[in-house]
Structure formats: structure tokens, C-alpha cells
$ cat start_9.txt   # compact mmCIF, C-alpha atoms and all ligand atoms
# COMPACT_ATOMS: atom_id res chain seq x y z
CA MET A 15 109.11 80.89 94.68
CA VAL A 16 111.53 83.51 93.43
CA GLU A 17 113.00 82.84 90.01
CA LEU A 18 116.57 84.08 89.56
CA LYS A 19 117.27 85.36 86.05
CA THR A 20 120.41 84.65 84.06
CA ASP A 21 122.41 87.60 82.74
CA ALA A 22 121.06 86.84 79.23
CA SER A 23 117.51 86.91 80.61
CA ILE A 24 118.15 90.27 82.26
CA ASP A 25 119.38 91.60 78.91
CA ALA A 26 116.16 90.31 77.31
CA MET A 27 114.12 91.97 80.08
CA TYR A 28 115.94 95.22 79.31
CA GLU A 29 114.64 95.01 75.72
CA ALA A 30 111.07 94.65 77.03
CA GLY A 31 111.76 97.46 79.49
CA GLN A 32 112.83 99.80 76.72
CA VAL A 33 109.49 99.27 74.93
CA VAL A 34 107.81 100.30 78.18
CA ALA A 35 110.05 103.37 78.50
CA GLY A 36 109.27 104.39 74.91
CA ALA A 37 105.52 104.02 75.38
CA LEU A 38 105.50 106.05 78.61
CA THR A 39 107.54 108.82 76.99
CA ALA A 40 105.19 108.89 73.98
CA ALA A 41 102.07 108.91 76.17
CA GLN A 42 103.42 111.70 78.39
CA LYS A 43 104.32 113.75 75.31
CA ALA A 44 100.80 113.29 73.92
CA ALA A 45 99.12 114.20 77.22
CA ASP A 46 97.84 117.74 76.79
CA VAL A 47 94.78 119.77 77.73
CA GLY A 48 91.81 118.41 75.76
CA VAL A 49 93.37 115.01 74.97
CA SER A 50 91.26 112.04 76.10
CA LEU A 51 92.55 109.14 78.18
CA LEU A 52 91.52 106.74 75.39
CA GLU A 53 93.77 108.69 73.02
CA LEU A 54 96.72 108.20 75.39
CA ASP A 55 95.97 104.46 75.46
CA GLU A 56 96.04 104.43 71.66
CA VAL A 57 99.45 106.18 71.61
CA ALA A 58 100.88 103.52 73.94
CA HIS A 59 99.24 100.76 71.91
CA ASP A 60 100.95 102.04 68.75
CA VAL A 61 104.37 101.77 70.44
CA LEU A 62 103.57 98.17 71.39
CA ARG A 63 102.53 97.23 67.87
CA GLU A 64 105.59 98.86 66.33
CA ALA A 65 107.90 96.93 68.70
CA GLY A 66 106.12 93.62 68.07
CA ALA A 67 105.32 93.46 71.78
CA THR A 68 102.10 92.54 73.57
CA SER A 69 100.33 93.92 76.63
CA PRO A 70 100.25 92.12 79.98
CA PHE A 71 97.59 94.66 81.09
CA LEU A 72 95.01 94.05 78.35
CA GLY A 73 92.60 91.35 79.51
CA TYR A 74 94.33 91.04 82.90
CA ARG A 75 91.95 89.91 85.61
CA PRO A 76 93.25 89.59 89.18
CA SER A 77 90.96 88.25 91.89
CA PHE A 78 89.69 91.71 92.95
CA ALA A 79 88.65 92.76 89.44
CA PRO A 80 85.04 92.42 88.25
CA THR A 81 86.03 92.50 84.56
CA PRO A 82 89.21 91.96 82.49
CA PHE A 83 91.26 95.18 82.17
CA PRO A 84 90.13 96.75 78.86
CA ALA A 85 93.27 98.75 77.89
CA VAL A 86 97.07 98.61 77.58
CA LEU A 87 97.65 101.69 79.76
CA CYS A 88 96.48 102.57 83.26
CA VAL A 89 95.73 106.30 83.52
CA SER A 90 94.97 107.60 87.01
CA VAL A 91 93.98 111.28 87.24
CA ASN A 92 94.05 113.48 90.39
CA ASP A 93 92.46 111.49 93.27
CA ALA A 94 92.91 108.20 91.37
CA ILE A 95 95.95 106.39 92.78
CA VAL A 96 96.48 103.47 90.39
CA HIS A 97 94.63 101.14 87.96
CA GLY A 98 92.72 103.96 86.27
CA VAL A 99 90.78 102.76 83.22
CA PRO A 100 91.25 104.98 80.14
CA ASP A 101 87.92 106.54 79.11
CA ARG A 102 86.57 109.55 77.21
CA TYR A 103 87.62 112.00 79.94
CA ARG A 104 89.57 114.89 78.41
CA LEU A 105 92.53 116.22 80.35
CA ARG A 106 92.15 119.65 81.96
CA ASP A 107 94.70 122.29 82.88
CA GLY A 108 96.40 121.31 86.14
CA ASP A 109 95.41 117.63 86.14
CA LEU A 110 97.86 115.33 87.93
CA VAL A 111 98.23 112.25 85.72
CA SER A 112 99.82 108.90 86.61
CA ILE A 113 100.40 106.47 83.75
CA ASP A 114 101.39 102.84 84.29
CA PHE A 115 102.37 100.57 81.42
CA GLY A 116 103.62 97.05 80.80
CA ALA A 117 105.01 95.27 77.74
CA GLU A 118 105.84 91.67 77.00
CA LEU A 119 108.59 91.06 74.44
CA GLY A 120 110.34 87.78 73.70
CA GLY A 121 108.59 86.18 76.66
CA TRP A 122 109.76 88.80 79.19
CA VAL A 123 107.79 91.57 80.87
CA GLY A 124 108.64 95.16 81.83
CA ASP A 125 106.47 97.38 84.06
CA SER A 126 106.90 101.08 84.82
CA ALA A 127 104.94 104.18 85.80
CA LEU A 128 105.36 107.93 86.06
CA SER A 129 103.35 110.95 87.16
CA PHE A 130 103.20 114.47 85.73
CA VAL A 131 100.97 117.55 85.54
CA VAL A 132 99.18 118.63 82.37
CA GLY A 133 99.33 122.38 81.72
CA THR A 134 99.94 124.70 84.67
CA PRO A 135 101.16 122.80 87.74
CA ARG A 136 100.29 123.52 91.35
CA GLU A 137 103.26 123.64 93.73
CA ALA A 138 101.69 120.96 95.95
CA ASP A 139 101.37 118.53 93.02
CA LEU A 140 104.99 119.01 91.96
CA ARG A 141 106.11 118.26 95.51
CA LEU A 142 103.94 115.13 95.59
CA ILE A 143 105.39 113.85 92.29
CA GLU A 144 108.93 114.71 93.33
CA THR A 145 108.43 112.72 96.53
CA ALA A 146 107.19 109.63 94.65
CA GLU A 147 110.27 109.85 92.40
CA ARG A 148 112.61 110.35 95.36
CA ALA A 149 111.02 107.36 97.15
CA LEU A 150 111.54 105.26 94.03
CA ALA A 151 115.19 106.35 93.82
CA ALA A 152 115.69 105.47 97.50
CA GLY A 153 114.09 102.08 96.98
CA ILE A 154 116.30 101.36 93.98
CA GLU A 155 119.38 102.47 95.91
CA ALA A 156 118.53 99.88 98.57
CA ALA A 157 118.04 97.14 95.94
CA VAL A 158 121.54 95.72 96.30
CA VAL A 159 122.88 92.20 96.83
CA GLY A 160 122.96 91.33 100.53
CA ASN A 161 120.18 93.74 101.52
CA ARG A 162 116.67 92.45 102.22
CA ILE A 163 113.21 93.29 100.85
CA GLY A 164 112.53 95.17 104.10
CA ASP A 165 115.42 97.53 103.33
CA ILE A 166 113.75 98.57 100.07
CA ALA A 167 110.37 98.94 101.82
CA HIS A 168 111.91 100.95 104.65
CA ALA A 169 113.74 103.28 102.25
CA ILE A 170 110.52 104.02 100.32
CA GLY A 171 108.36 104.43 103.41
CA THR A 172 110.83 106.74 105.13
CA VAL A 173 110.84 109.21 102.22
CA CYS A 174 107.02 109.23 101.91
CA ARG A 175 106.33 109.59 105.64
CA ALA A 176 108.98 112.31 106.10
CA ALA A 177 107.12 114.34 103.45
CA GLY A 178 103.85 113.86 105.38
CA TYR A 179 102.12 111.74 102.76
CA GLY A 180 99.96 108.65 103.05
CA ILE A 181 100.92 105.26 101.61
CA PRO A 182 97.98 103.20 100.25
CA ASP A 183 97.73 100.18 102.50
CA GLY A 184 98.32 96.79 100.87
CA PHE A 185 99.57 97.95 97.47
CA GLY A 186 103.19 97.89 96.34
CA GLY A 187 105.81 96.33 94.11
CA HIS A 188 106.43 92.78 93.03
CA GLY A 189 108.81 90.33 91.46
CA ILE A 190 108.66 90.34 87.66
CA GLY A 191 109.99 88.21 84.81
CA ARG A 192 108.10 85.92 82.48
CA ARG A 193 104.97 87.11 84.25
CA MET A 194 104.10 90.63 85.38
CA HIS A 195 103.46 89.65 88.99
CA GLU A 196 105.89 87.17 90.55
CA ASP A 197 107.21 86.63 94.06
CA PRO A 198 108.28 88.36 96.20
CA SER A 199 105.99 91.27 97.00
CA VAL A 200 107.81 94.55 97.64
CA PRO A 201 105.85 96.66 100.17
CA ASN A 202 106.12 100.44 100.22
CA GLU A 203 106.74 100.49 103.95
CA GLY A 204 108.51 98.06 106.26
CA ARG A 205 111.25 97.26 108.70
CA PRO A 206 114.90 97.26 107.64
CA GLY A 207 116.80 93.98 107.81
CA ARG A 208 113.60 91.92 107.43
CA GLY A 209 112.30 89.74 104.63
CA MET A 210 113.93 87.90 101.77
CA ARG A 211 117.61 88.49 101.09
CA LEU A 212 118.36 90.10 97.71
CA ARG A 213 120.48 88.10 95.27
CA HIS A 214 122.07 88.60 91.88
CA GLY A 215 119.47 87.78 89.22
CA MET A 216 116.35 88.92 91.08
CA ALA A 217 114.08 91.29 89.13
CA LEU A 218 111.67 93.56 90.97
CA ALA A 219 109.09 96.17 90.04
CA ILE A 220 109.51 98.87 92.71
CA GLU A 221 106.55 101.26 92.83
CA PRO A 222 105.87 103.85 95.54
CA MET A 223 102.43 105.50 95.64
CA VAL A 224 101.86 108.62 97.73
CA VAL A 225 98.65 110.32 98.85
CA ALA A 226 98.73 114.07 99.56
CA GLY A 227 96.12 113.94 102.33
CA GLY A 228 98.26 111.67 104.48
CA THR A 229 95.68 108.88 104.64
CA ASP A 230 96.54 105.25 103.83
CA PHE A 231 92.94 104.40 102.91
CA PHE A 232 91.39 104.09 99.49
CA HIS A 233 88.35 102.66 97.73
CA ALA A 234 87.55 101.25 94.32
CA ALA A 235 85.65 103.46 91.89
CA PRO A 236 82.38 102.09 90.39
CA ASP A 237 84.37 100.65 87.45
CA GLY A 238 85.83 98.15 89.97
CA TRP A 239 89.38 98.95 88.87
CA THR A 240 90.36 102.53 89.65
CA LEU A 241 91.63 102.99 93.20
CA LYS A 242 90.78 106.41 94.59
CA THR A 243 91.86 108.22 97.74
CA ASP A 244 89.22 108.20 100.49
CA ASP A 245 89.79 111.88 101.30
CA GLY A 246 89.70 113.10 97.67
CA SER A 247 93.30 114.31 97.85
CA ARG A 248 95.65 113.76 94.94
CA ALA A 249 98.03 110.83 94.51
CA ALA A 250 101.25 110.16 92.60
CA HIS A 251 102.89 106.93 91.46
CA ALA A 252 106.39 106.10 90.18
CA GLU A 253 107.69 102.68 89.13
CA HIS A 254 110.68 101.00 87.53
CA THR A 255 111.55 97.38 86.77
CA VAL A 256 114.96 96.80 88.34
CA ALA A 257 117.41 93.87 88.17
CA ILE A 258 119.56 93.20 91.21
CA THR A 259 123.09 92.44 90.08
CA ASP A 260 126.53 92.09 91.61
CA ALA A 261 127.35 95.37 89.83
CA GLY A 262 124.42 97.15 91.52
CA PRO A 263 120.79 97.80 90.60
CA ARG A 264 120.11 97.95 86.86
CA ILE A 265 117.02 99.96 85.86
CA LEU A 266 115.52 97.99 82.97
CA THR A 267 112.79 100.55 82.21
CA ALA A 268 115.14 103.59 82.31
CA ARG A 269 113.88 106.38 80.05
MG MG A 301 103.03 99.10 86.77
MG MG A 302 103.92 96.94 88.92
$ encode --input "start_9.txt" --output "C-alpha cells"
Amino acid sequence: MVELKTDASIDAMYEAGQVVAGALTAAQKAADVGVSLLELDEVAHDVLREAGATSPFLGYRPSFAPTPFPAVLCVSVNDAIVHGVPDRYRLRDGDLVSIDFGAELGGWVGDSALSFVVGTPREADLRLIETAERALAAGIEAAVVGNRIGDIAHAIGTVCRAAGYGIPDGFGGHGIGRRMHEDPSVPNEGRPGRGMRLRHGMALAIEPMVVAGGTDFFHAAPDGWTLKTDDGSRAAHAEHTVAITDAGPRILTAR
């Protein structure tokens, strides 16, 4: 069941989305050579506390997870694609970092992610990140009233495949609102003109993930959470929470 949001609810979701945007900006700013992933989690947690918001990540336990998620921020470094658990690892020069964050404020949830390089970037990593961002932009551009879910999926997939990258099989975006994961699912690859029709008041988290090695396969790290590329190549992730409105897509987690 897809819940359509009222305009007032979308405004409330924007407030939650701005907490997410602020936390991601703060965490990215803090991410430097020698800083630990736990320290980044603490920076994001401070933003939550200051906003009077709570974390939909902390304690989250989907069916695949062996333990509740222990942090407010997912930090996925280099060959980690998504769901990285913050630990004592200290960032090194040239690390490709993806951070994914959610906040719940006033009963509404926002969810967003971005990728960046710490220190001196490699050309290949910048191209990977730029592609994830371009795929996200293409997906958002297709998130208009009258289009279908498949149009978003097709737009994302086309950008990623044209760049020669892999798309982790079975992971993608989702409806969002009072809960972080609602219907419908928003795949990162698909056929145009297929799937649910988009209507004013739908809210979606759109989130392309790209793998440099071109493979769609991945495995879970021993922690049971972190998804890693099978070929050891690097991955990038970009995500925004977007409301579909008669006036066009509204990015609720815009930074
Ligand atoms: Mg997310
Ligand atoms: Mg998400």
C-alpha cells in the first residue's frame, strides 16, 4: 500500500530532511585522514540531538540482519557498498567514503546518502562518484506525475550502465514517510513505462549504487551488515528523499 502525503505532511518531511542534510554535511566536513568512523557517527548523532530528532537506523533490524544496527550513520569505505557499520577504522588518504543517514522528526522520516574521497582523490573514484550523482539526478528528473516507477529505474540504470559500472542486484530505493521503508520499492534498473504510476503526494527515497568493477554481485561482511563488492572494486552511493508533486519533484533532503 502506498500512502499519499498531504502538502502539510510533505512540508513536515522537509523539516526531517533538513536534519538529514545537516548531519551529512557535518559528517563529511569532519571526515579527514586519521578520523575514525565512530567519530563520524558521533558527529551525526550530535546533529540529531540538537534538532530533537531520533534515528531510524539505530536498533533497526531487517530480516537479513543478525543484530540490530548499532549506530545512527552507515559508513561504507572503498569496497563497501552500503550498510557499513561505524567502527574504530581510521580514514586513510584516498579512501572513498559513502555515508548514509536517516532522521525522524515530528513523526516523519528523511533518508539520504552521499559519497566523497578523503584526502587525495584518484581520477577513477571521482568518476564513480560523479556517475552515482548523475544517476540520482536522472532518477529525480524522471520522478514526475504521470511517469511510472520503471521510468525512474530506467533513468538510473541507463546512466550507470553507460558508464560501465555494475549495479548491486536487489538493492535500491523505497517509499518513505512515517516509516523509513514503505511501498513501493524503487529499483536501480528497469523498463520504462512499467510499474506503479507516480502521483502527487508520493514520497520516495531514490538511491543509486554503482560498482567500479562492473559486477552486480556482492556479499555481506562478517559483521552481517556491510555489503561488499565481490571483486574488491570500489563502490559509490547517492540518495535523496524526494516528494512527487504537481509542481515537479521536490528534494526534501537537499543540502
Ligand atoms: Mg539511506
Ligand atoms: Mg534509503
$ residues_around --input "start_9.txt" --residues "Val86 (chain A)" --least-positions-apart "2" --cutoff "7 Å" --atoms "all atoms listed in the file" --output "PyMOL selection string"
chain A and resi 55+59+69+71-72+88+115
$ closest_residue --input "start_9.txt" --among "A:Ala156, A:Ala138, A:Val173, A:Ala252" --to "ligand MG 301 (chain A)" --atoms "all atoms listed in the file"
A:Ala252
$ axis_aligned_box --input "start_9.txt" --around "region 150-155 of chain A" --padding-each-side "3 Å" --output "AutoDock Vina command-line options"
--center_x 115.5 --center_y 103.9 --center_z 95.7 --size_x 13.8 --size_y 11.0 --size_z 9.7
$ residues_around --input "start_9.txt" --residues "region 103-110 of chain A" --least-positions-apart "4" --cutoff "10 Å" --atoms "all atoms listed in the file" --output "ChimeraX atom specification"
/A:45-53,90-94,129-136,139-140,142-143,248-250
$ closest_residue --input "start_9.txt" --among "A:Val159, A:Met194, A:Met216, A:Ile181" --to "Gly262 (chain A)" --atoms "all atoms listed in the file"
A:Val159
$ closest_residue --input "start_9.txt" --among "A:Ile113, A:Ile258, A:Leu18, A:Leu62" --to "ligand MG 301 (chain A)" --atoms "only C-alpha atoms and all ligand atoms"
A:Ile113
$ residues_near_ligand --input "start_9.txt" --ligand "ligand MG 302 (chain A)" --cutoff "7 Å" --atoms "all atoms listed in the file" --output "CSV table (one decimal) with C-alpha atoms, in the frame of the given file"
chain,number,residue,atom,x,y,z
A,125,ASP,CA,106.5,97.4,84.1
A,126,SER,CA,106.9,101.1,84.8
A,187,GLY,CA,105.8,96.3,94.1
A,188,HIS,CA,106.4,92.8,93.0
A,219,ALA,CA,109.1,96.2,90.0
A,221,GLU,CA,106.6,101.3,92.8
A,253,GLU,CA,107.7,102.7,89.1
$ closest_residue --input "start_9.txt" --among "A:Ala65, A:Ile190, A:Ile154, A:Ala58" --to "ligand MG 301 (chain A)" --atoms "all atoms listed in the file"
A:Ile190
$ closest_residue --input "start_9.txt" --among "A:Ala146, A:Leu241, A:Ala79, A:Val61" --to "Pro222 (chain A)" --atoms "all atoms listed in the file"
A:Ala146
$ closest_residue --input "start_9.txt" --among "A:Ser77, A:Thr243, A:Gln32, A:Thr68" --to "Ala268 (chain A)" --atoms "all atoms listed in the file"
A:Gln32
$ residues_around --input "start_9.txt" --residues "Val33 (chain A)" --least-positions-apart "3" --cutoff "9 Å" --atoms "all atoms listed in the file" --output "list in words"
Tyr28, Glu29, Ala30, Gly36, Ala37, Leu38, Val61, Leu62, Ala65, Ala67, Gly116, Ala117, Glu118, Leu119, Gly124 and Thr267 of chain A
$ residues_around --input "start_9.txt" --residues "Arg205 (chain A)" --least-positions-apart "4" --cutoff "7 Å" --atoms "all atoms listed in the file" --output "PyMOL selection string"
chain A and resi 164-165+168
$ residues_around --input "start_9.txt" --residues "Gly215 (chain A)" --least-positions-apart "4" --cutoff "8 Å" --atoms "only C-alpha atoms" --output "VMD selection string"
chain A and resid 18 to 21 24 257 to 259
$ write_last_selection --input "start_9.txt" --atoms "C-alpha atoms" --output "mmCIF file, in the coordinates of the input"
data_model
loop_
_atom_site.group_PDB
_atom_site.id
_atom_site.type_symbol
_atom_site.label_atom_id
_atom_site.label_comp_id
_atom_site.auth_asym_id
_atom_site.auth_seq_id
_atom_site.Cartn_x
_atom_site.Cartn_y
_atom_site.Cartn_z
ATOM 1 C CA LEU A 18 116.570 84.080 89.560
ATOM 2 C CA LYS A 19 117.270 85.360 86.050
ATOM 3 C CA THR A 20 120.410 84.650 84.060
ATOM 4 C CA ASP A 21 122.410 87.600 82.740
ATOM 5 C CA ILE A 24 118.150 90.270 82.260
ATOM 6 C CA ALA A 257 117.410 93.870 88.170
ATOM 7 C CA ILE A 258 119.560 93.200 91.210
ATOM 8 C CA THR A 259 123.090 92.440 90.080
#
$ residues_near_point --input "start_9.txt" --point "(89.9, 92.2, 92.2)" --cutoff "12 Å" --atoms "only C-alpha atoms" --output "PyMOL selection string"
chain A and resi 74-83+97+233-234+237-241
$ atom_distance --input "start_9.txt" --atom1 "CA of Asp244 (chain A)" --atom2 "CA of Tyr179 (chain A)"
13.6 Å
$ atom_distance --input "start_9.txt" --atom1 "CA of Val225 (chain A)" --atom2 "CA of Gly180 (chain A)"
4.7 Å
$ atom_distance --input "start_9.txt" --atom1 "CA of Ala40 (chain A)" --atom2 "CA of Met27 (chain A)"
20.1 Å
$ build_atoms --input "start_9.txt" --residues "region 118-129 of chain A" --atoms "all heavy atoms" --output "mmCIF file, in the frame of the given file"
data_model
loop_
_atom_site.group_PDB
_atom_site.id
_atom_site.type_symbol
_atom_site.label_atom_id
_atom_site.label_comp_id
_atom_site.auth_asym_id
_atom_site.auth_seq_id
_atom_site.Cartn_x
_atom_site.Cartn_y
_atom_site.Cartn_z
ATOM 1 N N GLU A 118 105.217 92.988 77.030
ATOM 2 C CA GLU A 118 105.840 91.670 77.000
ATOM 3 C C GLU A 118 106.511 91.509 75.641
ATOM 4 O O GLU A 118 105.876 91.680 74.591
ATOM 5 C CB GLU A 118 104.796 90.573 77.211
ATOM 6 C CG GLU A 118 105.427 89.183 77.205
ATOM 7 C CD GLU A 118 104.433 88.080 77.574
ATOM 8 O OE1 GLU A 118 103.384 88.388 78.175
ATOM 9 O OE2 GLU A 118 104.722 86.927 77.219
ATOM 10 N N LEU A 119 107.814 91.206 75.675
ATOM 11 C CA LEU A 119 108.590 91.060 74.440
ATOM 12 C C LEU A 119 109.517 89.855 74.602
ATOM 13 O O LEU A 119 110.253 89.767 75.591
ATOM 14 C CB LEU A 119 109.414 92.335 74.184
ATOM 15 C CG LEU A 119 110.227 92.352 72.892
ATOM 16 C CD1 LEU A 119 109.312 92.544 71.674
ATOM 17 C CD2 LEU A 119 111.273 93.472 72.932
ATOM 18 N N GLY A 120 109.472 88.954 73.639
ATOM 19 C CA GLY A 120 110.340 87.780 73.700
ATOM 20 C C GLY A 120 110.118 86.934 74.942
ATOM 21 O O GLY A 120 111.030 86.256 75.414
ATOM 22 N N GLY A 121 108.905 86.992 75.484
ATOM 23 C CA GLY A 121 108.590 86.180 76.660
ATOM 24 C C GLY A 121 108.937 86.830 77.990
ATOM 25 O O GLY A 121 108.769 86.212 79.037
ATOM 26 N N TRP A 122 109.403 88.099 77.950
ATOM 27 C CA TRP A 122 109.760 88.800 79.190
ATOM 28 C C TRP A 122 108.950 90.075 79.324
ATOM 29 O O TRP A 122 108.605 90.714 78.331
ATOM 30 C CB TRP A 122 111.262 89.122 79.212
ATOM 31 C CG TRP A 122 112.101 87.887 79.215
ATOM 32 C CD1 TRP A 122 112.709 87.310 78.129
ATOM 33 C CD2 TRP A 122 112.388 87.048 80.335
ATOM 34 N NE1 TRP A 122 113.376 86.170 78.521
ATOM 35 C CE2 TRP A 122 113.196 85.985 79.855
ATOM 36 C CE3 TRP A 122 112.057 87.086 81.691
ATOM 37 C CZ2 TRP A 122 113.667 84.976 80.691
ATOM 38 C CZ3 TRP A 122 112.526 86.082 82.524
ATOM 39 C CH2 TRP A 122 113.324 85.041 82.028
ATOM 40 N N VAL A 123 108.695 90.445 80.591
ATOM 41 C CA VAL A 123 107.790 91.570 80.870
ATOM 42 C C VAL A 123 108.545 92.728 81.532
ATOM 43 O O VAL A 123 109.426 92.509 82.367
ATOM 44 C CB VAL A 123 106.633 91.111 81.778
ATOM 45 C CG1 VAL A 123 105.700 92.270 82.116
ATOM 46 C CG2 VAL A 123 105.844 89.984 81.115
ATOM 47 N N GLY A 124 108.190 93.948 81.146
ATOM 48 C CA GLY A 124 108.640 95.160 81.830
ATOM 49 C C GLY A 124 107.428 95.925 82.328
ATOM 50 O O GLY A 124 106.350 95.825 81.745
ATOM 51 N N ASP A 125 107.584 96.699 83.403
ATOM 52 C CA ASP A 125 106.470 97.380 84.060
ATOM 53 C C ASP A 125 107.021 98.682 84.654
ATOM 54 O O ASP A 125 108.027 98.635 85.375
ATOM 55 C CB ASP A 125 105.943 96.441 85.159
ATOM 56 C CG ASP A 125 104.724 96.965 85.896
ATOM 57 O OD1 ASP A 125 104.111 97.947 85.449
ATOM 58 O OD2 ASP A 125 104.379 96.355 86.939
ATOM 59 N N SER A 126 106.391 99.798 84.332
ATOM 60 C CA SER A 126 106.900 101.080 84.820
ATOM 61 C C SER A 126 105.788 102.119 84.851
ATOM 62 O O SER A 126 104.784 101.977 84.142
ATOM 63 C CB SER A 126 108.050 101.555 83.905
ATOM 64 O OG SER A 126 108.580 102.788 84.327
ATOM 65 N N ALA A 127 105.957 103.134 85.678
ATOM 66 C CA ALA A 127 104.940 104.180 85.800
ATOM 67 C C ALA A 127 105.599 105.519 86.082
ATOM 68 O O ALA A 127 106.700 105.571 86.630
ATOM 69 C CB ALA A 127 103.964 103.833 86.924
ATOM 70 N N LEU A 128 104.898 106.595 85.700
ATOM 71 C CA LEU A 128 105.360 107.930 86.060
ATOM 72 C C LEU A 128 104.165 108.849 86.221
ATOM 73 O O LEU A 128 103.072 108.553 85.745
ATOM 74 C CB LEU A 128 106.337 108.491 85.022
ATOM 75 C CG LEU A 128 105.756 109.027 83.723
ATOM 76 C CD1 LEU A 128 106.562 110.213 83.252
ATOM 77 C CD2 LEU A 128 105.778 107.958 82.665
ATOM 78 N N SER A 129 104.396 109.969 86.909
ATOM 79 C CA SER A 129 103.350 110.950 87.160
ATOM 80 C C SER A 129 103.820 112.325 86.681
ATOM 81 O O SER A 129 105.014 112.630 86.735
ATOM 82 C CB SER A 129 103.023 111.019 88.657
ATOM 83 O OG SER A 129 102.531 109.771 89.106
#
